[in-house]
>>> print(open('final-v1.cif').read())   # mmCIF, C-alpha atoms (C1' of nucleotides)
data_work
loop_
_atom_site.label_atom_id
_atom_site.label_comp_id
_atom_site.auth_asym_id
_atom_site.auth_seq_id
_atom_site.Cartn_x
_atom_site.Cartn_y
_atom_site.Cartn_z
CA MET A 1 26.86 61.21 -3.54
CA ALA A 2 29.49 58.58 -4.25
CA LYS A 3 33.01 59.66 -3.54
CA SER A 4 35.16 59.86 -6.60
CA ARG A 5 38.36 58.93 -4.78
CA PHE A 6 39.04 56.77 -1.77
CA SER A 7 42.10 57.22 0.38
CA VAL A 8 43.98 54.11 1.44
CA VAL A 9 47.09 52.93 3.24
CA PHE A 10 48.89 49.97 1.71
CA PHE A 11 50.50 47.26 3.86
CA GLY A 12 52.88 44.83 2.19
CA THR A 13 56.42 43.52 2.19
CA PRO A 14 57.66 40.97 -0.38
CA GLU A 15 57.90 40.84 -4.13
CA LEU A 16 54.46 39.23 -4.35
CA ALA A 17 52.88 42.44 -3.05
CA VAL A 18 54.58 44.82 -5.46
CA PRO A 19 52.13 44.51 -8.40
CA PHE A 20 49.29 45.11 -5.96
CA LEU A 21 50.87 48.34 -4.81
CA HIS A 22 51.31 49.43 -8.43
CA GLU A 23 47.66 48.69 -9.09
CA PHE A 24 46.46 51.00 -6.35
CA ALA A 25 49.04 53.69 -6.99
CA ALA A 26 47.97 53.89 -10.63
CA HIS A 27 44.23 53.53 -10.03
CA PRO A 28 42.22 56.72 -10.66
CA ARG A 29 39.75 55.99 -7.87
CA PHE A 30 42.34 55.39 -5.15
CA ASP A 31 44.71 57.71 -3.39
CA VAL A 32 47.52 55.89 -1.61
CA LYS A 33 48.34 58.05 1.39
CA ALA A 34 51.15 55.90 2.71
CA VAL A 35 52.80 52.49 2.57
CA VAL A 36 53.64 50.40 5.61
CA THR A 37 56.27 47.70 5.33
CA GLN A 38 58.86 45.84 7.36
CA PRO A 39 62.25 47.33 8.23
CA ASP A 40 65.34 46.93 6.08
CA ARG A 41 67.05 43.72 7.06
CA PRO A 42 70.54 42.34 6.65
CA ALA A 43 70.43 40.12 3.58
CA GLY A 44 72.60 38.61 0.96
CA ARG A 45 76.07 37.19 1.33
CA LYS A 46 77.65 40.24 2.82
CA HIS A 47 74.79 40.91 5.18
CA LEU A 48 74.07 44.22 3.57
CA LEU A 49 71.04 46.02 4.87
CA THR A 50 68.43 45.44 2.19
CA PRO A 51 65.08 47.19 1.90
CA PRO A 52 61.99 45.03 1.29
CA PRO A 53 60.73 45.05 -2.34
CA VAL A 54 57.60 46.99 -1.45
CA LYS A 55 59.71 49.80 0.01
CA ILE A 56 61.76 50.04 -3.15
CA ALA A 57 58.62 50.16 -5.28
CA ALA A 58 56.96 52.71 -3.01
CA GLU A 59 59.94 55.02 -3.14
CA GLU A 60 59.99 54.84 -6.91
CA LEU A 61 56.35 55.89 -6.79
CA ARG A 62 57.29 58.70 -4.41
CA LEU A 63 54.92 57.48 -1.75
CA ILE A 64 55.35 57.99 1.97
CA VAL A 65 56.86 54.85 3.53
CA HIS A 66 56.65 53.76 7.15
CA GLN A 67 58.70 50.82 8.34
CA THR A 68 58.13 48.83 11.48
CA ALA A 69 58.90 45.44 12.95
CA SER A 70 55.68 45.40 14.93
CA LEU A 71 52.47 47.32 14.51
CA LYS A 72 51.21 46.16 17.83
CA LYS A 73 54.02 47.79 19.77
CA ASN A 74 54.46 50.86 17.60
CA GLN A 75 52.06 53.34 19.18
CA ALA A 76 53.68 56.27 17.40
CA LEU A 77 53.00 54.76 13.99
CA GLN A 78 49.42 53.99 14.96
CA LYS A 79 48.94 57.67 15.75
CA ILE A 80 50.35 58.64 12.38
CA LEU A 81 48.06 56.20 10.60
CA GLU A 82 45.08 57.60 12.44
CA GLY A 83 46.11 61.02 11.20
CA TYR A 84 45.65 59.97 7.57
CA GLN A 85 41.92 59.42 8.15
CA VAL A 86 41.74 56.92 5.30
CA ASP A 87 38.72 55.09 4.01
CA LEU A 88 40.38 51.70 3.76
CA CYS A 89 43.58 49.79 4.45
CA ILE A 90 44.92 47.28 1.95
CA ALA A 91 47.03 44.38 3.24
CA VAL A 92 48.95 42.08 0.92
CA ALA A 93 51.54 39.77 2.48
CA ILE A 94 52.60 42.23 5.11
CA GLY A 95 54.12 39.54 7.30
CA LEU A 96 53.07 41.39 10.43
CA LEU A 97 50.19 40.92 12.79
CA LEU A 98 47.63 43.66 12.36
CA PRO A 99 46.20 44.26 15.82
CA LEU A 100 42.60 45.28 16.30
CA SER A 101 43.70 48.78 17.21
CA VAL A 102 45.13 49.15 13.70
CA LEU A 103 42.30 47.38 11.92
CA LYS A 104 39.86 49.87 13.41
CA ILE A 105 41.70 52.91 12.09
CA PRO A 106 40.22 53.11 8.58
CA ARG A 107 36.56 53.97 8.27
CA ALA A 108 35.69 50.84 6.25
CA GLY A 109 38.13 48.35 7.74
CA THR A 110 41.05 46.52 6.22
CA ILE A 111 40.85 44.42 3.09
CA ASN A 112 43.24 41.54 2.41
CA MET A 113 44.31 39.25 -0.41
CA HIS A 114 45.02 35.65 0.50
CA PRO A 115 46.21 33.18 -2.15
CA SER A 116 43.86 30.29 -1.46
CA LEU A 117 40.18 29.52 -1.56
CA LEU A 118 39.40 30.31 2.04
CA PRO A 119 38.53 28.84 4.46
CA LYS A 120 40.96 26.28 3.07
CA PHE A 121 44.68 26.83 3.54
CA ARG A 122 44.70 29.60 6.07
CA GLY A 123 48.14 30.69 7.20
CA PRO A 124 51.55 31.40 5.73
CA SER A 125 52.05 28.74 3.02
CA PRO A 126 48.73 28.40 1.20
CA VAL A 127 50.07 27.89 -2.31
CA GLN A 128 52.68 25.32 -1.36
CA SER A 129 50.17 23.48 0.80
CA ALA A 130 47.59 23.35 -1.97
CA ILE A 131 50.09 21.72 -4.34
CA LEU A 132 51.24 19.26 -1.70
CA ALA A 133 47.64 18.34 -0.97
CA ASP A 134 47.15 17.45 -4.64
CA GLU A 135 44.45 20.08 -5.06
CA LYS A 136 43.30 20.63 -8.64
CA ILE A 137 41.96 24.10 -7.95
CA THR A 138 43.16 26.87 -5.73
CA GLY A 139 42.51 30.57 -5.93
CA ILE A 140 42.65 34.05 -4.57
CA SER A 141 40.39 35.28 -1.80
CA VAL A 142 39.68 38.89 -1.05
CA MET A 143 38.45 39.30 2.49
CA LEU A 144 38.11 41.68 5.37
CA LEU A 145 40.62 41.22 8.14
CA ASP A 146 39.51 40.45 11.61
CA GLU A 147 41.56 39.48 14.61
CA GLY A 148 42.08 35.88 13.58
CA MET A 149 44.58 34.45 11.13
CA ASP A 150 42.85 34.67 7.72
CA THR A 151 39.46 34.18 9.33
CA GLY A 152 37.64 37.31 8.19
CA PRO A 153 34.52 37.42 5.99
CA ILE A 154 35.01 36.91 2.27
CA LEU A 155 34.11 39.50 -0.34
CA LYS A 156 35.15 37.78 -3.51
CA GLN A 157 37.13 34.82 -4.78
CA MET A 158 38.77 33.83 -8.02
CA ARG A 159 39.58 30.25 -8.91
CA LEU A 160 42.90 29.20 -10.37
CA PRO A 161 43.44 25.69 -11.70
CA ILE A 162 46.56 23.85 -10.60
CA GLY A 163 47.99 22.13 -13.65
CA GLU A 164 50.23 19.07 -13.68
CA LYS A 165 53.23 21.27 -14.21
CA ASP A 166 52.33 24.19 -12.01
CA THR A 167 54.75 25.13 -9.29
CA THR A 168 54.58 27.62 -6.46
CA GLU A 169 56.53 29.93 -8.72
CA SER A 170 54.13 29.63 -11.65
CA LEU A 171 51.08 30.05 -9.43
CA TYR A 172 52.59 33.11 -7.81
CA ALA A 173 52.95 34.57 -11.28
CA GLN A 174 49.25 33.89 -11.86
CA ILE A 175 48.37 35.54 -8.58
CA GLN A 176 50.44 38.58 -9.44
CA HIS A 177 48.79 38.70 -12.84
CA HIS A 178 45.15 38.38 -11.79
CA GLY A 179 45.24 39.45 -8.15
CA PRO A 180 45.77 43.20 -8.37
CA ARG A 181 42.72 43.92 -10.47
CA LEU A 182 40.57 41.52 -8.46
CA LEU A 183 41.63 43.28 -5.29
CA SER A 184 41.10 46.82 -6.57
CA GLU A 185 37.72 46.04 -8.10
CA THR A 186 36.57 44.24 -5.01
CA ALA A 187 37.79 47.07 -2.79
CA LEU A 188 35.91 49.57 -4.91
CA GLY A 189 32.77 47.46 -4.93
CA TYR A 190 32.98 47.01 -1.21
CA LEU A 191 33.39 50.73 -0.58
CA GLU A 192 30.39 51.42 -2.77
CA ASN A 193 28.39 48.74 -1.00
CA ALA A 194 28.15 46.43 -3.99
CA PHE A 195 29.56 43.44 -2.11
CA LYS A 196 28.41 41.91 1.10
CA PRO A 197 30.99 40.13 3.19
CA THR A 198 30.20 36.43 3.67
CA PRO A 199 31.46 34.83 6.86
CA GLN A 200 33.75 31.85 6.45
CA ASP A 201 32.56 28.41 7.39
CA ASP A 202 35.08 27.60 10.08
CA SER A 203 34.20 23.92 10.03
CA LEU A 204 35.82 23.63 6.57
CA ALA A 205 38.98 25.51 7.53
CA THR A 206 42.46 24.07 7.16
CA GLN A 207 45.63 25.57 8.51
CA THR A 208 49.06 25.87 6.88
CA PHE A 209 52.43 26.46 8.50
CA LEU A 210 55.62 28.30 7.80
CA LEU A 211 58.01 26.17 5.75
CA LYS A 212 61.53 25.53 6.89
CA LYS A 213 64.56 24.78 4.75
CA THR A 214 64.77 21.28 6.15
CA ASP A 215 61.19 20.55 5.08
CA GLY A 216 62.66 20.20 1.60
CA LYS A 217 64.72 17.10 2.37
CA ILE A 218 63.39 14.21 0.35
CA ASP A 219 62.51 10.92 2.00
CA TRP A 220 62.84 8.35 -0.77
CA ARG A 221 60.62 5.88 1.07
CA GLN A 222 57.64 8.06 0.30
CA ASP A 223 55.76 7.51 -2.91
CA ALA A 224 57.03 9.15 -6.06
CA ALA A 225 53.83 11.10 -6.73
CA SER A 226 54.14 12.90 -3.40
CA ILE A 227 57.80 13.61 -3.97
CA ALA A 228 57.02 15.03 -7.40
CA ARG A 229 54.43 17.33 -5.80
CA MET A 230 56.96 18.34 -3.21
CA VAL A 231 59.39 19.33 -5.94
CA ARG A 232 56.70 21.50 -7.54
CA ALA A 233 55.56 23.03 -4.25
CA PHE A 234 59.04 23.92 -3.07
CA VAL A 235 60.16 25.77 -6.20
CA PRO A 236 61.73 28.27 -5.80
CA TRP A 237 61.94 27.99 -2.03
CA PRO A 238 62.85 26.10 0.13
CA GLY A 239 63.69 23.63 -2.64
CA ALA A 240 63.29 19.86 -2.52
CA TYR A 241 66.73 18.36 -2.13
CA PHE A 242 68.81 15.27 -1.43
CA GLU A 243 72.42 14.76 -0.47
CA TRP A 244 75.02 12.94 -2.52
CA GLN A 245 78.68 12.72 -1.53
CA ASP A 246 78.22 15.45 1.06
CA GLN A 247 76.80 17.75 -1.57
CA LYS A 248 73.33 19.17 -1.30
CA ILE A 249 71.44 18.91 -4.54
CA ASP A 250 68.15 20.66 -5.22
CA ILE A 251 65.67 19.13 -7.63
CA LEU A 252 64.10 21.84 -9.74
CA GLN A 253 62.14 19.63 -12.10
CA ALA A 254 61.13 16.00 -11.89
CA GLU A 255 58.37 13.68 -13.00
CA PHE A 256 56.59 10.82 -11.41
CA SER A 257 56.88 7.35 -12.91
CA GLU A 258 55.06 4.12 -12.09
CA LYS A 259 57.98 1.77 -12.47
CA ARG A 260 60.12 0.89 -9.54
CA PRO A 261 62.56 -1.91 -10.26
CA LYS A 262 64.88 -1.20 -7.35
CA PRO A 263 64.76 -0.44 -3.63
CA PRO A 264 64.05 3.16 -2.55
CA GLY A 265 66.91 5.59 -3.07
CA TYR A 266 68.58 3.56 -5.83
CA ILE A 267 69.54 5.60 -8.88
CA PHE A 268 69.12 3.93 -12.25
CA GLU A 269 68.98 4.76 -15.91
CA ASN A 270 66.31 3.71 -18.35
CA ALA A 271 65.88 4.74 -21.99
CA GLY A 272 68.25 7.65 -21.57
CA HIS A 273 66.56 9.04 -18.47
CA VAL A 274 67.73 9.03 -14.89
CA PHE A 275 65.40 7.82 -12.15
CA VAL A 276 65.49 7.45 -8.41
CA ALA A 277 63.45 4.59 -6.99
CA THR A 278 61.07 5.51 -4.19
CA GLY A 279 58.73 3.77 -1.78
CA LYS A 280 56.20 3.58 -4.60
CA GLY A 281 57.12 4.23 -8.20
CA SER A 282 60.15 6.27 -9.10
CA LEU A 283 61.09 9.85 -9.79
CA LYS A 284 62.49 10.88 -13.15
CA LEU A 285 65.02 13.64 -12.57
CA LYS A 286 65.08 16.45 -15.11
CA VAL A 287 66.71 19.59 -13.76
CA VAL A 288 68.89 19.75 -10.67
CA LYS A 289 71.06 22.30 -8.94
CA PRO A 290 74.03 21.29 -6.84
CA SER A 291 74.71 23.86 -4.15
CA GLY A 292 77.42 26.23 -5.26
CA LYS A 293 76.53 25.52 -8.89
CA LYS A 294 74.01 26.69 -11.36
CA ALA A 295 70.93 24.77 -12.38
CA MET A 296 71.67 22.07 -14.96
CA SER A 297 69.93 19.28 -16.78
CA ILE A 298 70.31 15.83 -15.29
CA ASP A 299 72.35 14.80 -18.35
CA GLU A 300 74.89 17.46 -17.62
CA PHE A 301 74.91 16.61 -13.97
CA VAL A 302 75.56 12.93 -14.60
CA ARG A 303 78.20 13.59 -17.25
CA GLY A 304 80.71 15.00 -14.84
CA ARG A 305 79.82 12.51 -12.10
CA PRO A 306 80.45 8.97 -13.16
CA GLY A 307 79.18 6.71 -10.41
CA PHE A 308 76.07 8.75 -9.68
CA VAL A 309 73.90 6.34 -11.61
CA GLY A 310 74.07 3.08 -9.74
CA SER A 311 74.60 4.59 -6.31
CA SER A 312 71.99 4.85 -3.59
CA LEU A 313 70.54 7.84 -1.77
CA SER A 314 69.61 7.50 1.87
"C1'" C B 1 84.46 42.11 9.55
"C1'" G B 2 78.32 36.34 9.67
"C1'" C B 3 79.50 30.78 7.54
"C1'" G B 4 80.63 27.93 3.17
"C1'" G B 5 81.14 26.06 -2.20
"C1'" G B 6 82.99 27.43 -7.10
"C1'" G B 7 85.40 29.96 -11.79
"C1'" U B 8 89.87 24.71 -16.66
"C1'" G B 9 87.87 24.33 -25.06
"C1'" G B 10 80.40 25.47 -26.35
"C1'" A B 11 78.23 22.19 -21.61
"C1'" G B 12 79.32 19.10 -17.21
"C1'" C B 13 83.72 17.43 -14.71
"C1'" A B 14 89.30 15.45 -14.06
"C1'" A B 15 94.46 16.60 -13.41
"C1'" U B 16 98.44 12.09 -7.47
"C1'" U B 17 104.26 15.42 -3.43
"C1'" G B 18 104.35 21.94 -8.41
"C1'" G B 19 106.87 18.43 -13.89
"C1'" A B 20 103.79 17.43 -21.50
"C1'" A B 21 96.24 20.36 -19.76
"C1'" G B 22 92.70 15.28 -20.07
"C1'" C B 23 87.50 12.68 -19.80
"C1'" U B 24 82.27 12.47 -21.09
"C1'" C B 25 78.93 15.21 -24.16
"C1'" G B 26 78.18 18.76 -27.96
"C1'" U B 27 80.00 21.01 -32.75
"C1'" C B 28 82.19 20.24 -37.77
"C1'" A B 29 83.92 16.75 -41.72
"C1'" G B 30 83.83 11.86 -43.58
"C1'" G B 31 82.19 6.62 -43.26
"C1'" C B 32 78.62 2.67 -42.24
"C1'" U B 33 73.23 1.96 -42.22
"C1'" C B 34 66.42 1.37 -45.17
"C1'" A B 35 66.94 4.37 -40.92
"C1'" U B 36 68.36 6.62 -36.12
"C1'" A B 37 69.41 10.51 -30.10
"C1'" A B 38 72.85 4.30 -32.73
"C1'" C B 39 77.91 2.89 -34.41
"C1'" C B 40 83.11 3.82 -36.69
"C1'" U B 41 87.07 7.43 -38.26
"C1'" G B 42 89.09 12.14 -38.16
"C1'" A B 43 89.14 17.51 -37.02
"C1'" A B 44 88.39 22.14 -34.90
"C1'" G B 45 88.06 24.53 -30.38
"C1'" G B 46 92.06 26.68 -23.96
"C1'" U B 47 96.30 33.24 -22.41
"C1'" U B 48 93.14 27.11 -16.78
"C1'" G B 49 88.36 34.48 -14.15
"C1'" C B 50 92.02 39.08 -13.74
"C1'" C B 51 96.77 41.23 -11.74
"C1'" G B 52 101.26 40.58 -9.31
"C1'" G B 53 104.83 37.25 -6.56
"C1'" U B 54 107.84 32.58 -5.43
"C1'" U B 55 110.22 28.83 -8.83
"C1'" C B 56 114.45 25.99 -13.74
"C1'" G B 57 109.16 25.12 -14.20
"C1'" A B 58 102.47 27.22 -11.52
"C1'" G B 59 95.67 24.94 -13.14
"C1'" U B 60 98.37 23.45 -8.66
"C1'" C B 61 101.99 27.54 -3.76
"C1'" C B 62 101.63 33.08 -1.80
"C1'" G B 63 99.19 38.18 -1.94
"C1'" G B 64 95.38 41.36 -4.05
"C1'" C B 65 90.93 41.99 -7.13
"C1'" C B 66 86.41 40.57 -10.10
"C1'" C B 67 82.28 37.31 -10.93
"C1'" C B 68 78.74 33.05 -9.86
"C1'" C B 69 76.21 30.05 -6.12
"C1'" G B 70 74.39 27.82 -1.24
"C1'" C B 71 73.48 28.71 4.11
"C1'" A B 72 71.90 32.26 7.35
"C1'" A B 73 68.51 36.51 7.91
#
>>> encode(input="final-v1.cif", output="structure tokens")
Amino acid sequence: MAKSRFSVVFFGTPELAVPFLHEFAAHPRFDVKAVVTQPDRPAGRKHLLTPPPVKIAAEELRLIVHQTASLKKNQALQKILEGYQVDLCIAVAIGLLLPLSVLKIPRAGTINMHPSLLPKFRGPSPVQSAILADEKITGISVMLLDEGMDTGPILKQMRLPIGEKDTTESLYAQIQHHGPRLLSETALGYLENAFKPTPQDDSLATQTFLLKKTDGKIDWRQDAASIARMVRAFVPWPGAYFEWQDQKIDILQAEFSEKRPKPPGYIFENAGHVFVATGKGSLKLKVVKPSGKKAMSIDEFVRGRPGFVGSSLS
RNA sequence: CGCGGGGUGGAGCAAUUGGAAGCUCGUCAGGCUCAUAACCUGAAGGUUGCCGGUUCGAGUCCGGCCCCCGCAA
């Protein structure tokens, strides 16, 4: 009665999605018929055409790869996908809109992993937004896609605590560690009717937005606790930064401190540590990265820059 | 031909118009101290990324190459 193997098509693009693809490719109950990802794009300093990470992984696994910049407009690809006659589609950070015409192709619909506890933090920057919002818990949601942006019914969720030192980078690692199995088990359970989709409560929904590089510029009039969260949320990208002597300097690690003996933006030293005063409290700098340089401890940074301590940041 | 920053002892940075390669830190040795990430004295450690050129003389100027990093995508 129960099928022993389910055929699927995998949709994904960035590094985050790669462990999920591996999970399904290696899983005895799933048969990955094809992988859909975004086109190669010019990247890097020489603008070399670079394939997305999922494509590289898929080719290593000898899977069929389809690339497209838009599923909505690509009728030919839709026909091909229909031809696979799969049970389910899996979408992990595809970065493309999946139109209804595509969602309807697989017999059982399309299942998706979203790194937040939906309905909170819908949209493209859920992890960063959760840190910025000072959430203590976030998570991974496995849901069915519908036409809306992360609005589909939920099948299963896993909670992940956000520690004092967690960053977007460290939480992504957690998601890559726990997510693949959660997704494959949930997909299997769903296909075998063990899970019932639960609609989201739209009244509790919050929306996140795509981050821009300039969102990382620090405003020292804000309070130090928020700035410290910003540093954690923006690692590794877009990076929280300030400018000093026409040089852009990313803060990779910093801590919040209550004391604030000086006006916002003033850089001072206390007990061997370097602080920047803010609108409320101050920020203890720990690891920074001047553009064009490698990451270094604040001690090293200050050593070669006499005059940094004692100056003011705007 | 996308734009830009940078390679100088182990680390971070200097070096005016080409004219003895220095500073801060670390390391090692010794000293002082009840003690210390403190302080004092001394020492080691460089083919200034690589190759070639100009010059009496190149870290510095010219040409080529390698490597690191940011922007942009």
>>> resolve_selection(input="final-v1.cif", expression="the PyMOL selection byres ((chain A) within 12 of (chain B))", output="PyMOL selection string")
chain A and resi 40-50+213-214+238-239+246-250+271-272+289-306
>>> atom_distance(input="final-v1.cif", atom1="atom CA of A:Ala224", atom2="atom CA of A:Tyr172")
24.4 Å
>>> residues_around(input="final-v1.cif", residues="A:His273", least_positions_apart="2", cutoff="9 Å", atoms="only C-alpha atoms (C1' of nucleotides)", output="PyMOL selection string")
chain A and resi 268-271+275+284-286+298-299
>>> write_last_selection(input="final-v1.cif", atoms="C-alpha atoms", output="PDB file, keeping the file's coordinate frame")
ATOM      1  CA  PHE A 268      69.120   3.930 -12.250  1.00  0.00           C
ATOM      2  CA  GLU A 269      68.980   4.760 -15.910  1.00  0.00           C
ATOM      3  CA  ASN A 270      66.310   3.710 -18.350  1.00  0.00           C
ATOM      4  CA  ALA A 271      65.880   4.740 -21.990  1.00  0.00           C
ATOM      5  CA  PHE A 275      65.400   7.820 -12.150  1.00  0.00           C
ATOM      6  CA  LYS A 284      62.490  10.880 -13.150  1.00  0.00           C
ATOM      7  CA  LEU A 285      65.020  13.640 -12.570  1.00  0.00           C
ATOM      8  CA  LYS A 286      65.080  16.450 -15.110  1.00  0.00           C
ATOM      9  CA  ILE A 298      70.310  15.830 -15.290  1.00  0.00           C
ATOM     10  CA  ASP A 299      72.350  14.800 -18.350  1.00  0.00           C
TER      11      ASP A 299
END
>>> resolve_selection(input="final-v1.cif", expression="the PyMOL selection byres ((chain A and resi 187) around 12)", output="ChimeraX atom specification")
/A:6-8,23-24,27,29-30,87-91,108-113,142-144,154-156,179-186,188-197
>>> write_last_selection(input="final-v1.cif", atoms="C-alpha atoms", output="PDB file, in the coordinates of the input")
ATOM      1  CA  PHE A   6      39.040  56.770  -1.770  1.00  0.00           C
ATOM      2  CA  SER A   7      42.100  57.220   0.380  1.00  0.00           C
ATOM      3  CA  VAL A   8      43.980  54.110   1.440  1.00  0.00           C
ATOM      4  CA  GLU A  23      47.660  48.690  -9.090  1.00  0.00           C
ATOM      5  CA  PHE A  24      46.460  51.000  -6.350  1.00  0.00           C
ATOM      6  CA  HIS A  27      44.230  53.530 -10.030  1.00  0.00           C
ATOM      7  CA  ARG A  29      39.750  55.990  -7.870  1.00  0.00           C
ATOM      8  CA  PHE A  30      42.340  55.390  -5.150  1.00  0.00           C
ATOM      9  CA  ASP A  87      38.720  55.090   4.010  1.00  0.00           C
ATOM     10  CA  LEU A  88      40.380  51.700   3.760  1.00  0.00           C
ATOM     11  CA  CYS A  89      43.580  49.790   4.450  1.00  0.00           C
ATOM     12  CA  ILE A  90      44.920  47.280   1.950  1.00  0.00           C
ATOM     13  CA  ALA A  91      47.030  44.380   3.240  1.00  0.00           C
ATOM     14  CA  ALA A 108      35.690  50.840   6.250  1.00  0.00           C
ATOM     15  CA  GLY A 109      38.130  48.350   7.740  1.00  0.00           C
ATOM     16  CA  THR A 110      41.050  46.520   6.220  1.00  0.00           C
ATOM     17  CA  ILE A 111      40.850  44.420   3.090  1.00  0.00           C
ATOM     18  CA  ASN A 112      43.240  41.540   2.410  1.00  0.00           C
ATOM     19  CA  MET A 113      44.310  39.250  -0.410  1.00  0.00           C
ATOM     20  CA  VAL A 142      39.680  38.890  -1.050  1.00  0.00           C
ATOM     21  CA  MET A 143      38.450  39.300   2.490  1.00  0.00           C
ATOM     22  CA  LEU A 144      38.110  41.680   5.370  1.00  0.00           C
ATOM     23  CA  ILE A 154      35.010  36.910   2.270  1.00  0.00           C
ATOM     24  CA  LEU A 155      34.110  39.500  -0.340  1.00  0.00           C
ATOM     25  CA  LYS A 156      35.150  37.780  -3.510  1.00  0.00           C
ATOM     26  CA  GLY A 179      45.240  39.450  -8.150  1.00  0.00           C
ATOM     27  CA  PRO A 180      45.770  43.200  -8.370  1.00  0.00           C
ATOM     28  CA  ARG A 181      42.720  43.920 -10.470  1.00  0.00           C
ATOM     29  CA  LEU A 182      40.570  41.520  -8.460  1.00  0.00           C
ATOM     30  CA  LEU A 183      41.630  43.280  -5.290  1.00  0.00           C
ATOM     31  CA  SER A 184      41.100  46.820  -6.570  1.00  0.00           C
ATOM     32  CA  GLU A 185      37.720  46.040  -8.100  1.00  0.00           C
ATOM     33  CA  THR A 186      36.570  44.240  -5.010  1.00  0.00           C
ATOM     34  CA  LEU A 188      35.910  49.570  -4.910  1.00  0.00           C
ATOM     35  CA  GLY A 189      32.770  47.460  -4.930  1.00  0.00           C
ATOM     36  CA  TYR A 190      32.980  47.010  -1.210  1.00  0.00           C
ATOM     37  CA  LEU A 191      33.390  50.730  -0.580  1.00  0.00           C
ATOM     38  CA  GLU A 192      30.390  51.420  -2.770  1.00  0.00           C
ATOM     39  CA  ASN A 193      28.390  48.740  -1.000  1.00  0.00           C
ATOM     40  CA  ALA A 194      28.150  46.430  -3.990  1.00  0.00           C
ATOM     41  CA  PHE A 195      29.560  43.440  -2.110  1.00  0.00           C
ATOM     42  CA  LYS A 196      28.410  41.910   1.100  1.00  0.00           C
ATOM     43  CA  PRO A 197      30.990  40.130   3.190  1.00  0.00           C
TER      44      PRO A 197
END
>>> resolve_selection(input="final-v1.cif", expression="the PyMOL selection byres ((chain B and resi 60) around 10)", output="ChimeraX atom specification")
/B:15,18,58-59,61
>>> residues_around(input="final-v1.cif", residues="B:A29", least_positions_apart="5", cutoff="10 Å", atoms="all atoms listed in the file", output="number ranges by chain")
B: 42-44
>>> residues_around(input="final-v1.cif", residues="stretch 167-171 of chain A", least_positions_apart="4", cutoff="9 Å", atoms="all atoms listed in the file", output="tab-separated table (two decimals) with C-alpha atoms, keeping the file's coordinate frame")
chain	number	residue	atom	x	y	z
A	127	VAL	CA	50.07	27.89	-2.31
A	128	GLN	CA	52.68	25.32	-1.36
A	131	ILE	CA	50.09	21.72	-4.34
A	160	LEU	CA	42.90	29.20	-10.37
A	162	ILE	CA	46.56	23.85	-10.60
A	163	GLY	CA	47.99	22.13	-13.65
A	175	ILE	CA	48.37	35.54	-8.58
A	176	GLN	CA	50.44	38.58	-9.44
A	229	ARG	CA	54.43	17.33	-5.80
A	231	VAL	CA	59.39	19.33	-5.94
A	232	ARG	CA	56.70	21.50	-7.54
A	233	ALA	CA	55.56	23.03	-4.25
A	234	PHE	CA	59.04	23.92	-3.07
A	235	VAL	CA	60.16	25.77	-6.20
A	236	PRO	CA	61.73	28.27	-5.80
A	237	TRP	CA	61.94	27.99	-2.03
>>> closest_residue(input="final-v1.cif", among="A:Ser312, A:Gln174, A:Thr278, A:Gln222", to="A:Leu16", atoms="all atoms listed in the file")
A:Gln174
>>> atom_distance(input="final-v1.cif", atom1="atom CA of A:Lys33", atom2="atom CA of A:His114")
22.7 Å
>>> build_atoms(input="final-v1.cif", residues="stretch 96-102 of chain A", atoms="N, CA, C and O atoms", output="PDB file, in the coordinates of the input")
ATOM      1  N   LEU A  96      53.169  40.875   9.063  1.00  0.00           N
ATOM      2  CA  LEU A  96      53.070  41.390  10.430  1.00  0.00           C
ATOM      3  C   LEU A  96      51.647  41.175  10.916  1.00  0.00           C
ATOM      4  O   LEU A  96      50.712  41.174  10.127  1.00  0.00           O
ATOM      5  N   LEU A  97      51.517  41.002  12.208  1.00  0.00           N
ATOM      6  CA  LEU A  97      50.190  40.920  12.790  1.00  0.00           C
ATOM      7  C   LEU A  97      49.553  42.304  12.801  1.00  0.00           C
ATOM      8  O   LEU A  97      50.177  43.274  13.205  1.00  0.00           O
ATOM      9  N   LEU A  98      48.328  42.384  12.299  1.00  0.00           N
ATOM     10  CA  LEU A  98      47.630  43.660  12.360  1.00  0.00           C
ATOM     11  C   LEU A  98      46.682  43.616  13.562  1.00  0.00           C
ATOM     12  O   LEU A  98      45.659  42.939  13.523  1.00  0.00           O
ATOM     13  N   PRO A  99      47.026  44.316  14.617  1.00  0.00           N
ATOM     14  CA  PRO A  99      46.200  44.260  15.820  1.00  0.00           C
ATOM     15  C   PRO A  99      44.877  44.996  15.610  1.00  0.00           C
ATOM     16  O   PRO A  99      44.766  45.841  14.709  1.00  0.00           O
ATOM     17  N   LEU A 100      43.931  44.691  16.424  1.00  0.00           N
ATOM     18  CA  LEU A 100      42.600  45.280  16.300  1.00  0.00           C
ATOM     19  C   LEU A 100      42.669  46.809  16.315  1.00  0.00           C
ATOM     20  O   LEU A 100      41.948  47.484  15.588  1.00  0.00           O
ATOM     21  N   SER A 101      43.594  47.323  17.109  1.00  0.00           N
ATOM     22  CA  SER A 101      43.700  48.780  17.210  1.00  0.00           C
ATOM     23  C   SER A 101      44.076  49.403  15.864  1.00  0.00           C
ATOM     24  O   SER A 101      43.713  50.543  15.578  1.00  0.00           O
ATOM     25  N   VAL A 102      44.788  48.655  15.027  1.00  0.00           N
ATOM     26  CA  VAL A 102      45.130  49.150  13.700  1.00  0.00           C
ATOM     27  C   VAL A 102      43.987  48.891  12.722  1.00  0.00           C
ATOM     28  O   VAL A 102      43.641  49.737  11.897  1.00  0.00           O
TER      29      VAL A 102
END
